[in-house]
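**Q** Sharing a structure with you now.
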Number of protein chains: 4
Amino acid sequence: MDQHVDKQADVFFMRLESEFSVGEIAMIEFKNEFENSVAEPYGMNWSLHTDDIVPRMALFVSKYNHCLYDLLSRHDSGELNVDIPFIVSNHRDLQSIAEQFSIPFYHIPITKETRAEAETRQLQLLEENRIDFVVLARYMQIVSSRIIDEYPNKIINIHHSFLPAFAGAKPYHAAFNRGVKIIGATCHYVTAALDAGPIIEQDVTTVSHTHTIKDFIAKGRDLEKIVLARGVQLHLRRKTMVYNNKTVIFS
Amino acid sequence: MDQHVDKQADVFFMRLESEFSVGEIAMIEFKNEFENSVAEPYGMNWSLHTDDIVPRMALFVSKYNHCLYDLLSRHDSGELNVDIPFIVSNHRDLQSIAEQFSIPFYHIPITKETRAEAETRQLQLLEENRIDFVVLARYMQIVSSRIIDEYPNKIINIHHSFLPAFAGAKPYHAAFNRGVKIIGATCHYVTAALDAGPIIEQDVTTVSHTHTIKDFIAKGRDLEKIVLARGVQLHLRRKTMVYNNKTVIFS
Amino acid sequence: MDQHVDKQADVFFMRLESEFSVGEIAMIEFKNEFENSVAEPYGMNWSLHTDDIVPRMALFVSKYNHCLYDLLSRHDSGELNVDIPFIVSNHRDLQSIAEQFSIPFYHIPITKETRAEAETRQLQLLEENRIDFVVLARYMQIVSSRIIDEYPNKIINIHHSFLPAFAGAKPYHAAFNRGVKIIGATCHYVTAALDAGPIIEQDVTTVSHTHTIKDFIAKGRDLEKIVLARGVQLHLRRKTMVYNNKTVIFS
Amino acid sequence: MDQHVDKQADVFFMRLESEFSVGEIAMIEFKNEFENSVAEPYGMNWSLHTDDIVPRMALFVSKYNHCLYDLLSRHDSGELNVDIPFIVSNHRDLQSIAEQFSIPFYHIPITKETRAEAETRQLQLLEENRIDFVVLARYMQIVSSRIIDEYPNKIINIHHSFLPAFAGAKPYHAAFNRGVKIIGATCHYVTAALDAGPIIEQDVTTVSHTHTIKDFIAKGRDLEKIVLARGVQLHLRRKTMVYNNKTVIFS
């Protein structure tokens with residue numbers, strides 16, 4: 001059991017992980033009973049999850065392969081307790097990786113003209129495959145509010161900077177030009193405001209004047225992979241709670 | 001010997017540290033000879049320093065004592081090869097620490113009306129004491145360009161955030177409100193643009209939802225001390241070179 | 001509230017921090033009631049502490065000043081909620097620091113012949129001053145079991161290596177000779193086995209071939225200070241629990 | 001150009017990286033000239049390498065897939081300038097990964113009885129494929145001196161602890177039992193002494209009482225991958241020099 005009290009916001013958080021030996025019916029009964037006699041009277045937001053139902057994750061990618069490789073190889077080695085019904089990309093570059101791992105790959109190109117249509121197709125795929133959450137593994141397109149609204153706090157992005165520094169495009173170039181001595185990566189839930197959603201996980205690595213932008217990018221790749229994988233794992237284990245555009249991350 | 005080439009800016013940097021046994025006159029002759037036959041023909045910016053001349057550092061503080069304590073105790077234990085002719089503050093709070101370490105303390109209060117006069121007094125102290133460089137050890141006043149222009153790349157500040165994130169006032173509050181998972185500190189040379197000078201050193205520490213703003217401040221104190229001390233040490237050992245608002249930090 | 005279950009050892013841990021408005025008598029009543037109706041029937045080890053009773057810490061030092069300075073300046077700035085009735089040392093080197101901070105200093109030299117006598121004097125001081133716990137702030141003598149037995153899990157040491165690597169004397173020299181790329185410091189409770197007690201806190205910093213043993217020592221000083229201060233703080237806030245020569249450190 | 005002087009050992013190190021536009025013949029002439037007129041008279045150990053000759057790396061693995069996946073995906077994305085003629089394993093578990101990446105896979109099982117024969121086969125493969133260096137990507141067998149002698153400072157291993165702590169088998173179990181707060185990984189050149197060769201790279205990550213041995217192993221996997229990849233990259237870029245069982249790692 002983990003608890004947290006935010007005194008400023010006056011909210012109480014609790015996460016309880018338990019081992020039970022009960023059938024499905026007892027579970028439903030417990031849920032009803034708890035809802036009626038505890039949760040409702042005390043005005044709780046609550047949810048109950050069982051380990052036997054494996055969450056379903058969709059992957060959105062573009063051209064960079066490192067985060068995709070990393071997530072798929074973790075999945076392959078049993079590290080991530082998740083199903084991956086499909087991968088979507090606006091480019092064909094990573095199709096062969098999807099094939100390596102035998103995961104269906106949908107190529108949905110996006111242009112100004114086809115954006116609305118592409119989003120409709122994406123939403124359709126998400127729905128048909130009963131997707132629980134989406135991971136943008138270096139997906140280089142902005143996700144519209146049409147999709148965000150359907151999956152609130154259920155779209156996870158990896159941004160290649162230490163947010164709020166260097167939000168937006170080309171953060172490694174911006175970091176290089178500013179002459180920082182440390183670069184970072186941030187895993188966050190996607191909201192309508194670009195790169196401003198609740199932060200799940202961050203990490204950094206040192207750089208120096210000897211590093212070129214290319215070196216920043218190479219060092220950053222390792223950060224991005226690890227930080228995204230940690231964020232996905234935290235989400236999968238239901239250790240994240242979101243409120244006031246911030247997260248509580250239970251240990 | 002350390003070298004660096006910035007191919008974009010087309011600049012070559014070199015730092016050479018050597019042991020010599022020569023008298024003062026031979027040193028002057030070498031300097032002249034090198035200037036005339038090497039440095040000038042090749043258009044170098046260069047300087048020559050000998051270890052026997054101890055640099056003179058002025059400390060500017062306000063009310064926070066941790067960076068002051070830390071620098072003075074490092075100085076006391078022989079870690080910093082520097083003279084500290086005086087400490088200046090716009091408050092009296094830290095006078096007793098100056099006395100503990102037997103360093104002259106000047107109280108120069110600053111109000112809107114007395115600012116110009118106070119700066120004149122500060123400049124006078126710097127000059128009279130033949131100060132080589134100034135360290136703002138959590139000095140809570142903006143240093144005017146009058147002083148900056150006299151000491152270009154010779155005023156070192158510690159900012160309590162991971163720049164460029166959270167520049168300006170109250171960075172811990174801003175970091176807390178944004179819900180970041182890592183906070184930082186940045187040691188940089190002071191320029192006319194606030195918190196935007198060349199970065200010498202940065203470091204970070206992890207935080208979580210369990211930390212209050214007060215915790216951020218306490219954790220940050222340790223960062224600030226260490227990052228400032230490292231920056232001062234790098235400057236003292238002449239391992240920093242500044243160009244294009246960035247630094248080359250030799251190892 | 002924080003909980004931990006060690007399934008291997010089959011032990012349940014809990015730490016509960018609460019705000020009450022009760023008088024002293026109610027506290028005593030609560031304690032008795034809880035002991036009789038909960039703790040005893042369930043076989044708990046438990047204790048109850050109130051914030052208004054400030055713990056009393058004795059400092060043992062030798063010749064190195066950095067950890068002493070650091071702890072005293074933290075105490076001075078209100079960071080550590082503790083009383084420091086005295087400092088003991090087997091040398092006179094740090095007496096002036098004790099005086100700077102107006103803390104009684106006892107010089108108890110230790111030789112082979114006087115060891116037993118010195119320990120008797122130390123124990124006497126600890127008792128007379130109703131000391132709750134002892135911090136060895138780079139105390140360069142082995143503490144005998146006579147003292148350890150009186151203060152089980154109440155003597156905190158800082159060892160200047162990443163234990164269990166480089167236990168014993170001269171860890172920086174050993175680290176240098178092994179050519180490691182990272183050095184560390186470890187804060188632990190003192191037990192009869194040298195440098196083998198329950199670990200409270202550890203941290204590391206990077207080194208390279210460019211660093212001499214002197215550099216290792218200088219870099220290590222910063223680590224030692226921080227790691228010891230963190231360990232002391234965790235102990236003070238009663239966030240440490242010890243069992244099986246390990247610690248549970250609540251967040 | 002990078003230099004290092006080890007004053008204790010009285011050795012001078014230098015690494016010079018340059019861009020030339022010369023033909024192969026000029027290169028050979030330069031080499032001869034430098035050898036005769038500079039290197040030999042001054043008693044230098046030296047070597048000259050050109051970027052157009054891609055080094056050839058053999059991978060030895062057993063059952064764990066994470067380091068293999070990681071190296072192959074880095075190779076695939078162009079991050080490692082190396083040829084990988086084959087993968088050897090004493091088990092069949094990772095054969096499918098070799099096939100995913102279209103790299104020849106040799107299954108050479110090892111038992112007490114077949115060890116000598118297996119090593120002969122390994123040596124034969126190394127020779128036939130003109131292998132420059134070997135990477136043990138979590139290869140769970142001891143490499144005999146027969147092979148080490150043929151490839152001095154050319155066999156790179158990843159050990160899953162912060163050496164010299166927890167050398168030998170089951171380091172995560174040992175770390176868990178000791179109750180450390182940080183675990184690590186070490187990339188080193190293989191010598192006849194187990195886990196005692198020159199260290200190329202190390203890194204660590206924090207753990208706590210909440211982590212099980214299984215968690216240690218999972219967290220360690222990420223460390224191992226990164227630390228091994230960094231070590232391989234440093235070796236590939238010829239930034240490592242070995243002497244006195246230590247390394248100089250140029251930046």
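In the structure tokens, chains take letters A, B, ... by order of appearance, with residues numbered from 1 within each chain and ligands from 1 in the order shown.
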Find the residues around stretch 112-126 of chain B up to 9 Å (only C-alpha atoms counted), leave out those fewer than 3 positions away in its own chain, and share them as a PyMOL selection string.

**A** chain B and resi 58+86+88+108-109+129-134+143-144+146-147+150

**Q** Skipping near chain neighbours, those fewer than 6 positions away, what residues fall within 7 Å of B:Val190 using only C-alpha atoms, listed as an NGL selection string?

**A** :B and (153 or 155-157 or 197)

**Q** Can you build me a table of chain A residues sitting at most 7 Å from chain C, with the closest atom pair per residue and its distance in Å to one decimal, using only C-alpha atoms, sorted by chain and residue number, as a Markdown table?

**A**
| residue | atom | partner | partner_atom | distance |
| --- | --- | --- | --- | --- |
| A:Met1 | CA | C:Gln3 | CA | 6.0 |
| A:Asp2 | CA | C:Asp2 | CA | 6.0 |
| A:Gln3 | CA | C:Met1 | CA | 6.0 |

**Q** Neighbouring residues of stretch 231-238 of chain C were defined as those with any atom within 7 Å, considering only C-alpha atoms; residues of the same chain fewer than 5 positions away were excluded. Please report them as a list in words.

**A**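 Near stretch 231-238 of chain C, the qualifying residues are Leu80, Cys187, Ile200 and Glu201 of chain C.
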
**Q** As a list of chain:residue names, please: the residues near C:Ser47 (cut-off 10 Å, only C-alpha atoms, same-chain neighbours under 3 positions excluded).

**A**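 Near C:Ser47, the qualifying residues are C:Arg15, C:Lys31, C:Glu35, C:Ala39, C:Met44.
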
**Q** Taking the DSSP assignment computed from this structure's backbone, write out as number ranges by chain all residues of stretch 11-248 of chain D that belong to strand (DSSP E or B).

**A** D: 11-15, 56-61, 83-89, 105-107, 133-136, 155-159, 182-189, 199-206, 240-243, 246-248

**Q** Give me, please, the distance in Å between atom CA of A:Thr191 and atom CA of A:Ile53, quoted to one decimal.

**A**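 Between these atoms lies a distance of 26.7 Å.
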
**Q** Identify, on the basis of only C-alpha atoms, every residue whose closest approach to stretch 98-103 of chain C does not exceed 10 Å; exclude the query and any residue fewer than 6 positions from it along the same chain; express the result as an NGL selection string.

**A** (:B and (96-97 or 99-101)) or (:C and (68-69 or 72-73 or 75-76 or 84-88))

**Q** Please dump the current selection as a CSV table (one decimal), in the first residue's frame; keep all heavy atoms.

**A**
chain,number,residue,atom,x,y,z
B,96,SER,N,28.1,37.3,10.6
B,96,SER,CA,28.7,36.5,11.6
B,96,SER,C,29.5,35.4,11.0
B,96,SER,O,30.5,34.9,11.5
B,96,SER,CB,27.6,35.9,12.6
B,96,SER,OG,26.8,35.1,11.8
B,97,ILE,N,29.1,34.9,9.8
B,97,ILE,CA,29.9,33.8,9.1
B,97,ILE,C,31.2,34.4,8.6
B,97,ILE,O,32.3,33.8,8.8
B,97,ILE,CB,29.1,33.2,7.9
B,97,ILE,CG1,27.8,32.5,8.5
B,97,ILE,CG2,29.9,32.3,7.1
B,97,ILE,CD1,26.9,32.0,7.4
B,99,GLU,N,32.7,36.7,9.9
B,99,GLU,CA,33.6,36.9,11.1
B,99,GLU,C,34.2,35.5,11.6
B,99,GLU,O,35.3,35.5,12.0
B,99,GLU,CB,32.8,37.5,12.3
B,99,GLU,CG,32.6,39.1,12.1
B,99,GLU,CD,31.5,39.7,12.9
B,99,GLU,OE1,30.9,39.0,13.7
B,99,GLU,OE2,31.2,40.9,12.6
B,100,GLN,N,33.3,34.5,11.6
B,100,GLN,CA,33.8,33.1,11.9
B,100,GLN,C,35.1,32.8,11.1
B,100,GLN,O,36.0,32.2,11.6
B,100,GLN,CB,32.8,32.1,11.5
B,100,GLN,CG,31.9,31.6,12.6
B,100,GLN,CD,31.0,30.5,12.1
B,100,GLN,OE1,31.4,29.6,11.3
B,100,GLN,NE2,29.7,30.5,12.5
B,101,PHE,N,35.1,33.2,9.8
B,101,PHE,CA,36.2,32.9,8.9
B,101,PHE,C,37.2,34.1,8.8
B,101,PHE,O,38.1,34.0,8.0
B,101,PHE,CB,35.7,32.5,7.6
B,101,PHE,CG,35.0,31.1,7.6
B,101,PHE,CD1,33.7,31.0,7.9
B,101,PHE,CD2,35.7,30.0,7.3
B,101,PHE,CE1,33.0,29.8,7.9
B,101,PHE,CE2,35.1,28.7,7.3
B,101,PHE,CZ,33.8,28.6,7.6
C,68,LEU,N,32.4,17.5,9.3
C,68,LEU,CA,32.0,18.2,10.5
C,68,LEU,C,31.4,19.6,10.1
C,68,LEU,O,30.3,20.0,10.6
C,68,LEU,CB,33.2,18.4,11.4
C,68,LEU,CG,32.9,19.2,12.7
C,68,LEU,CD1,32.0,18.5,13.6
C,68,LEU,CD2,34.2,19.5,13.5
C,69,TYR,N,32.2,20.3,9.3
C,69,TYR,CA,31.7,21.6,8.8
C,69,TYR,C,30.3,21.5,8.2
C,69,TYR,O,29.4,22.3,8.4
C,69,TYR,CB,32.6,22.1,7.7
C,69,TYR,CG,33.5,23.2,8.0
C,69,TYR,CD1,34.9,23.1,7.8
C,69,TYR,CD2,33.0,24.4,8.6
C,69,TYR,CE1,35.8,24.2,8.1
C,69,TYR,CE2,33.9,25.4,8.9
C,69,TYR,CZ,35.3,25.3,8.6
C,69,TYR,OH,36.1,26.4,9.0
C,72,LEU,N,27.6,20.8,10.8
C,72,LEU,CA,27.3,22.0,11.7
C,72,LEU,C,26.7,23.1,10.9
C,72,LEU,O,25.8,23.8,11.5
C,72,LEU,CB,28.7,22.4,12.3
C,72,LEU,CG,29.3,21.4,13.3
C,72,LEU,CD1,30.5,22.0,13.9
C,72,LEU,CD2,28.3,21.0,14.4
C,73,SER,N,27.1,23.3,9.7
C,73,SER,CA,26.4,24.4,8.9
C,73,SER,C,25.0,24.0,8.6
C,73,SER,O,24.1,24.9,8.5
C,73,SER,CB,27.3,24.8,7.7
C,73,SER,OG,27.3,23.8,6.8
C,75,HIS,N,23.1,22.2,10.5
C,75,HIS,CA,22.4,22.4,11.8
C,75,HIS,C,22.2,23.9,12.0
C,75,HIS,O,21.0,24.2,12.4
C,75,HIS,CB,23.3,21.8,12.9
C,75,HIS,CG,22.7,21.9,14.2
C,75,HIS,ND1,23.2,22.7,15.2
C,75,HIS,CD2,21.6,21.4,14.7
C,75,HIS,CE1,22.5,22.6,16.3
C,75,HIS,NE2,21.5,21.8,16.0
C,76,ASP,N,23.2,24.7,11.7
C,76,ASP,CA,23.1,26.1,11.9
C,76,ASP,C,22.0,26.7,11.1
C,76,ASP,O,21.3,27.7,11.5
C,76,ASP,CB,24.4,26.7,11.5
C,76,ASP,CG,24.8,27.8,12.5
C,76,ASP,OD1,24.8,27.6,13.7
C,76,ASP,OD2,25.3,28.9,12.0
C,84,ILE,N,23.1,19.1,19.4
C,84,ILE,CA,24.4,18.5,19.4
C,84,ILE,C,25.1,18.9,20.7
C,84,ILE,O,25.8,20.0,20.7
C,84,ILE,CB,25.2,19.1,18.2
C,84,ILE,CG1,24.4,18.9,16.9
C,84,ILE,CG2,26.6,18.4,18.0
C,84,ILE,CD1,25.0,19.4,15.6
C,85,PRO,N,25.0,18.1,21.7
C,85,PRO,CA,25.6,18.5,23.0
C,85,PRO,C,27.1,18.6,23.0
C,85,PRO,O,27.6,19.4,23.8
C,85,PRO,CB,25.1,17.4,24.0
C,85,PRO,CG,23.9,16.8,23.3
C,85,PRO,CD,24.2,16.9,21.8
C,86,PHE,N,27.8,17.8,22.2
C,86,PHE,CA,29.2,17.9,22.2
C,86,PHE,C,29.8,17.2,21.0
C,86,PHE,O,29.2,16.4,20.3
C,86,PHE,CB,29.8,17.3,23.5
C,86,PHE,CG,29.6,15.8,23.6
C,86,PHE,CD1,30.5,14.9,23.1
C,86,PHE,CD2,28.5,15.3,24.3
C,86,PHE,CE1,30.3,13.6,23.2
C,86,PHE,CE2,28.3,13.9,24.4
C,86,PHE,CZ,29.2,13.1,23.9
C,87,ILE,N,31.1,17.5,20.8
C,87,ILE,CA,32.0,16.9,19.8
C,87,ILE,C,33.1,16.3,20.5
C,87,ILE,O,33.7,16.9,21.4
C,87,ILE,CB,32.5,18.0,18.8
C,87,ILE,CG1,31.3,18.6,18.0
C,87,ILE,CG2,33.5,17.3,17.8
C,87,ILE,CD1,31.7,19.9,17.3
C,88,VAL,N,33.4,15.0,20.1
C,88,VAL,CA,34.6,14.3,20.7
C,88,VAL,C,35.6,14.1,19.6
C,88,VAL,O,35.2,13.8,18.5
C,88,VAL,CB,34.2,13.0,21.3
C,88,VAL,CG1,35.3,11.9,21.2
C,88,VAL,CG2,33.7,13.1,22.8

**Q** Residues within 6 Å of stretch 158-174 of chain D, please, as a list in words. Count only C-alpha atoms; anything in the same chain fewer than 6 positions from it doesn't count.

**A**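 Answer for this query is Pro164 and Ala165 of chain C; Gly184, Ala185, Thr186, Cys187, Asp195 and Leu228 of chain D.
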
**Q** Record the distance separating atom CA of D:Phe34 and atom CA of D:Val11, expressed in Å with one decimal.

**A**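 The value is 19.8 Å.
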
**Q** Env of B:Ile249: 8 Å cut, atoms = only C-alpha atoms, seq-sep filter 4 positions within chain, self excluded. Answer as a PDB file with N, CA, C and O atoms, in the first residue's frame.

**A**
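The file below, part_7.pdb, is the result:
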ATOM      1  N   SER A 208      29.453  17.604 -23.201  1.00  0.00           N
ATOM      2  CA  SER A 208      30.485  18.635 -23.065  1.00  0.00           C
ATOM      3  C   SER A 208      30.724  19.292 -24.420  1.00  0.00           C
ATOM      4  O   SER A 208      30.095  18.930 -25.423  1.00  0.00           O
ATOM      5  N   HIS A 209      31.653  20.237 -24.421  1.00  0.00           N
ATOM      6  CA  HIS A 209      31.972  20.947 -25.667  1.00  0.00           C
ATOM      7  C   HIS A 209      32.520  19.993 -26.727  1.00  0.00           C
ATOM      8  O   HIS A 209      32.519  20.316 -27.902  1.00  0.00           O
TER       9      HIS A 209
ATOM     10  N   ILE B 200      28.933  27.022 -17.197  1.00  0.00           N
ATOM     11  CA  ILE B 200      30.184  26.364 -16.802  1.00  0.00           C
ATOM     12  C   ILE B 200      29.924  24.938 -16.340  1.00  0.00           C
ATOM     13  O   ILE B 200      30.622  24.008 -16.719  1.00  0.00           O
ATOM     14  N   LEU B 234      36.878  25.219 -11.521  1.00  0.00           N
ATOM     15  CA  LEU B 234      37.227  25.201 -12.947  1.00  0.00           C
ATOM     16  C   LEU B 234      37.771  26.557 -13.390  1.00  0.00           C
ATOM     17  O   LEU B 234      38.740  26.632 -14.150  1.00  0.00           O
ATOM     18  N   LYS B 239      40.449  26.404 -16.484  1.00  0.00           N
ATOM     19  CA  LYS B 239      40.026  25.335 -17.379  1.00  0.00           C
ATOM     20  C   LYS B 239      38.826  25.752 -18.228  1.00  0.00           C
ATOM     21  O   LYS B 239      38.267  24.927 -18.950  1.00  0.00           O
ATOM     22  N   THR B 240      38.403  26.998 -18.085  1.00  0.00           N
ATOM     23  CA  THR B 240      37.245  27.458 -18.844  1.00  0.00           C
ATOM     24  C   THR B 240      37.676  28.433 -19.939  1.00  0.00           C
ATOM     25  O   THR B 240      38.517  29.290 -19.714  1.00  0.00           O
ATOM     26  N   MET B 241      37.117  28.265 -21.132  1.00  0.00           N
ATOM     27  CA  MET B 241      37.292  29.269 -22.191  1.00  0.00           C
ATOM     28  C   MET B 241      35.908  29.607 -22.712  1.00  0.00           C
ATOM     29  O   MET B 241      35.066  28.724 -22.865  1.00  0.00           O
TER      30      MET B 241
END

**Q** Which residue, D:Phe105, D:Phe176, D:Phe12, D:Tyr189, has the smallest gap to D:Thr210 when you use only C-alpha atoms?

**A**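 The answer is D:Phe176, which sits nearest to D:Thr210.
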
**Q** Quick check for you: according to DSSP on this backbone, which residues of stretch 10-213 of chain B are classed as helix (DSSP H, G or I)? Reply as a PyMOL selection string.

**A** chain B and resi 24-39+66-76+95-100+115-128+145-150+171-178+213

**Q** How far is it from atom CA of C:Leu136 to atom CA of C:Leu59, in Å with one decimal?

**A**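 Spanning atom CA of C:Leu136 to atom CA of C:Leu59 is a straight-line distance of 6.1 Å.
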
**Q** Nearest to A:Asp222: which of D:Pro55, D:Thr205, D:Glu79, D:Val180 is it, counting only C-alpha atoms?

**A** D:Glu79
